[in-house]
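Next comes entry15.txt, with compact mmCIF, C-alpha atoms.
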```
# COMPACT_ATOMS: atom_id res chain seq x y z
CA MET A 1 0.00 0.00 0.00
CA SER A 2 1.29 3.46 -0.85
CA ASP A 3 2.26 6.02 1.77
CA ASN A 4 -0.64 8.20 0.56
CA MET A 5 -3.15 5.46 1.34
CA ASN A 6 -1.56 4.78 4.73
CA ASP A 7 -1.84 8.49 5.53
CA PHE A 8 -5.45 8.43 4.32
CA TYR A 9 -6.43 5.65 6.72
CA LYS A 10 -4.58 7.35 9.58
CA ARG A 11 -6.58 10.53 8.94
CA TYR A 12 -9.88 8.66 8.52
CA PRO A 13 -9.64 5.50 10.66
CA GLU A 14 -13.42 5.00 10.45
CA LEU A 15 -12.91 4.06 6.79
CA GLU A 16 -10.65 1.09 7.60
CA CYS A 17 -13.78 -1.11 7.44
CA CYS A 18 -14.17 -0.13 3.75
CA LYS A 19 -10.48 -0.52 2.89
CA ASP A 20 -10.92 -3.31 0.32
CA ASP A 21 -13.79 -1.51 -1.43
CA ILE A 22 -11.92 1.81 -1.46
CA GLU A 23 -8.85 0.20 -2.98
CA LYS A 24 -10.94 -1.65 -5.60
CA ALA A 25 -12.63 1.63 -6.53
CA LEU A 26 -9.28 3.39 -6.78
CA GLN A 27 -7.97 0.62 -9.02
CA LEU A 28 -11.03 0.90 -11.29
CA MET A 29 -10.47 4.64 -11.61
CA ILE A 30 -6.78 4.17 -12.42
CA GLU A 31 -7.60 1.51 -15.04
CA THR A 32 -10.23 3.79 -16.57
CA TYR A 33 -7.74 6.59 -17.10
CA LYS A 34 -4.92 4.26 -18.24
CA ASN A 35 -7.31 2.97 -20.92
CA ASN A 36 -8.25 6.50 -22.08
CA GLY A 37 -11.69 6.30 -20.52
CA LYS A 38 -13.72 8.90 -18.69
CA ILE A 39 -15.74 8.87 -15.50
CA LEU A 40 -19.46 9.64 -15.48
CA LEU A 41 -21.06 10.58 -12.15
CA CYS A 42 -24.64 10.97 -10.97
CA GLY A 43 -26.72 11.45 -7.86
CA ASN A 44 -29.64 13.45 -6.46
CA GLY A 45 -29.67 16.41 -4.06
CA GLY A 46 -26.48 16.44 -2.00
CA SER A 47 -25.20 13.50 -4.02
CA ALA A 48 -25.60 15.63 -7.17
CA SER A 49 -23.44 18.26 -5.49
CA ASP A 50 -20.89 15.57 -4.63
CA SER A 51 -20.87 14.52 -8.31
CA GLU A 52 -20.16 18.09 -9.37
CA HIS A 53 -17.41 18.46 -6.77
CA ILE A 54 -15.68 15.23 -7.80
CA VAL A 55 -15.71 16.35 -11.44
CA GLY A 56 -14.09 19.62 -10.40
CA GLU A 57 -11.32 17.75 -8.60
CA LEU A 58 -10.70 15.42 -11.56
CA MET A 59 -10.78 18.03 -14.31
CA LYS A 60 -8.37 20.32 -12.43
CA GLY A 61 -5.49 19.47 -10.13
CA PHE A 62 -6.36 18.95 -6.47
CA LEU A 63 -3.11 19.03 -4.49
CA LEU A 64 -0.72 19.55 -7.38
CA LYS A 65 -1.08 21.38 -10.67
CA ARG A 66 -1.04 18.87 -13.54
CA GLN A 67 1.37 20.23 -16.13
CA VAL A 68 0.26 20.37 -19.77
CA THR A 69 3.03 19.35 -22.17
CA ASP A 70 0.97 19.10 -25.36
CA GLU A 71 3.14 20.74 -28.04
CA ARG A 72 0.07 21.48 -30.18
CA LEU A 73 -0.78 24.21 -27.68
CA SER A 74 0.99 27.54 -27.35
CA GLN A 75 3.25 28.19 -24.38
CA GLU A 76 0.59 30.51 -22.94
CA MET A 77 -2.00 27.76 -23.18
CA ARG A 78 0.31 25.17 -21.58
CA GLU A 79 1.01 27.56 -18.70
CA ASN A 80 -2.67 28.33 -18.06
CA LEU A 81 -4.29 24.94 -18.53
CA GLN A 82 -4.02 21.84 -16.39
CA GLY A 83 -3.95 18.22 -17.36
CA ALA A 84 -7.51 16.92 -16.97
CA LEU A 85 -8.79 13.54 -15.93
CA PRO A 86 -11.93 13.41 -18.11
CA ALA A 87 -15.12 13.36 -16.05
CA ILE A 88 -18.73 14.40 -16.61
CA SER A 89 -21.40 15.04 -14.01
CA LEU A 90 -24.63 13.79 -15.52
CA ASN A 91 -26.41 16.24 -13.23
CA SER A 92 -25.03 19.22 -15.15
CA GLN A 93 -26.92 18.51 -18.35
CA THR A 94 -29.83 20.78 -17.37
CA ALA A 95 -31.50 21.21 -20.77
CA LEU A 96 -31.31 17.49 -21.52
CA MET A 97 -32.51 16.54 -18.04
CA THR A 98 -35.50 18.86 -18.07
CA ALA A 99 -36.50 17.86 -21.61
CA PHE A 100 -36.14 14.18 -20.79
CA ASN A 101 -38.04 14.52 -17.51
CA ASN A 102 -40.83 16.44 -19.27
CA ASP A 103 -41.19 14.07 -22.22
CA LEU A 104 -40.18 10.66 -20.85
CA ASN A 105 -39.80 8.78 -17.58
CA PRO A 106 -37.56 10.79 -15.20
CA ASP A 107 -36.36 7.54 -13.59
CA PHE A 108 -34.30 6.98 -16.75
CA VAL A 109 -32.67 10.40 -17.15
CA PHE A 110 -29.21 9.24 -16.03
CA ALA A 111 -29.60 5.92 -17.86
CA GLN A 112 -30.16 7.85 -21.10
CA GLN A 113 -26.94 9.74 -20.59
CA VAL A 114 -24.96 6.61 -19.72
CA TYR A 115 -26.32 5.06 -22.90
CA GLY A 116 -25.38 8.09 -24.98
CA TYR A 117 -22.03 9.09 -23.45
CA SER A 118 -20.35 5.89 -22.28
CA LYS A 119 -17.88 3.66 -24.04
CA ALA A 120 -16.40 0.33 -22.93
CA ASN A 121 -13.41 1.89 -21.12
CA ASP A 122 -15.51 4.34 -19.11
CA LEU A 123 -16.61 4.14 -15.49
CA LEU A 124 -19.88 5.21 -13.87
CA ILE A 125 -19.94 6.41 -10.27
CA GLY A 126 -23.46 6.48 -8.86
CA ILE A 127 -24.05 8.18 -5.52
CA SER A 128 -27.15 7.49 -3.44
CA THR A 129 -27.37 7.75 0.34
CA SER A 130 -30.27 5.30 0.48
CA GLY A 131 -28.94 3.10 -2.31
CA ASN A 132 -32.46 3.09 -3.75
CA SER A 133 -32.59 6.12 -6.07
CA LYS A 134 -34.40 4.84 -9.16
CA ASN A 135 -32.58 7.08 -11.61
CA VAL A 136 -29.17 6.00 -10.24
CA LEU A 137 -30.26 2.33 -10.20
CA ASN A 138 -31.29 2.55 -13.85
CA ALA A 139 -28.01 4.24 -14.80
CA VAL A 140 -26.05 1.40 -13.19
CA LYS A 141 -28.25 -1.19 -14.93
CA VAL A 142 -27.59 0.40 -18.33
CA ALA A 143 -23.86 0.61 -17.56
CA ASN A 144 -23.84 -3.08 -16.64
CA SER A 145 -25.72 -3.98 -19.85
CA MET A 146 -23.16 -2.07 -21.91
CA GLY A 147 -20.11 -3.54 -20.19
CA VAL A 148 -19.29 -0.25 -18.47
CA LYS A 149 -17.90 -0.74 -14.97
CA SER A 150 -19.52 1.05 -12.07
CA ILE A 151 -18.85 2.11 -8.51
CA VAL A 152 -21.67 3.00 -6.16
CA LEU A 153 -21.30 5.15 -3.07
CA THR A 154 -24.13 4.49 -0.65
CA GLY A 155 -24.97 4.86 3.00
CA ASN A 156 -26.71 2.57 5.41
CA ASP A 157 -26.96 -0.99 4.07
CA GLY A 158 -26.36 -0.07 0.42
CA GLY A 159 -29.99 -0.48 -0.60
CA LYS A 160 -30.79 -2.01 -3.97
CA LEU A 161 -27.58 -0.63 -5.48
CA LYS A 162 -25.49 -2.92 -3.29
CA ASN A 163 -26.38 -5.96 -5.38
CA LEU A 164 -25.63 -4.26 -8.70
```
Kindly transcribe the structure held in the file into structure tokens.
Amino acid sequence: MSDNMNDFYKRYPELECCKDDIEKALQLMIETYKNNGKILLCGNGGSASDSEHIVGELMKGFLLKRQVTDERLSQEMRENLQGALPAISLNSQTALMTAFNNDLNPDFVFAQQVYGYSKANDLLIGISTSGNSKNVLNAVKVANSMGVKSIVLTGNDGGKLKNL
């Protein structure tokens, strides 16, 4: 285990019980980016805010600035951009979400986006405190059907998402 992960568990000892799951999730994220994939995230309410926050951390450096070395870009661009880990919050697609919710079944709004945006090397992260949010459940089901890996962050007993 890396020193960073050891430090993490020292700072948050209550997460030791989830150690195996955390490390599996981290490995899935690393594999996604090594294979030129992107991460899609979704959730409702506070979980939607968490999705947005995670995207912000991935698309821009968190602790360290990620240098851009792409020679196609000017020096000014390389100095003012950061290397991005591609991620999309499905919650941010306001026009699509409201149109879909108005015209179709809102329980499938995230599933539609997973179907339209995802490729085999991508990863879906669904966040649901109860583990029973229908729109997150359906997104994970579509991801599974398409061979897209998924991680779910839940509270309590994991709800229905636990078994997906």
Restricting to all atoms listed in the file, whichever of A:Leu124, A:Asn80, A:Gln113, A:Asp50 is closest to Thr94 in chain A is A:Gln113
**Within 10 Å of range 67-70 of chain A using all atoms listed in the file, minus same-chain residues under 5 positions, as number ranges by chain** = A: 61, 75, 77-84
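By chain and then residue number, the residues within 7 Å of range 25-42 of chain A are Asp21, Ile22, Ala48, Ser51, Pro86, Ala87, Ile88, Ser89, Leu90, Asn91, Asn121, Asp122, Leu123, Leu124, Ile125, Gly126, Ile127, Val136 and Ile151 of chain A, counting all atoms listed in the file and disregarding those fewer than 3 positions away in sequence.
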Students should find that CA of Ser74 in chain A and CA of Glu57 in chain A are spaced 24.5 Å
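Between CA of Gly159 in chain A and CA of His53 in chain A lies a distance of 23.6 Å.
Between CA of Ala120 in chain A and CA of Val142 in chain A the interatomic distance comes to 12.1 Å.
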* To do: Can you pull out every residue within 7 Å of Gly155 in chain A, counting only C-alpha atoms, but drop anything in the same chain fewer than 2 positions away, and send it as a list of chain:residue names?
  => A:Thr129, A:Ser130, A:Gly131, A:Asp157, A:Gly158
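Each of A:Ser92, A:Cys17, A:Asp103, A:Gly43 was compared to Asn132 in chain A using all atoms listed in the file, and A:Gly43 turns out to be the nearest.
Residue nearest Val152 in chain A within the list A:Lys10, A:Leu73, A:Lys119, A:Ser47: A:Ser47 [criterion: smallest interatomic distance, all atoms listed in the file].
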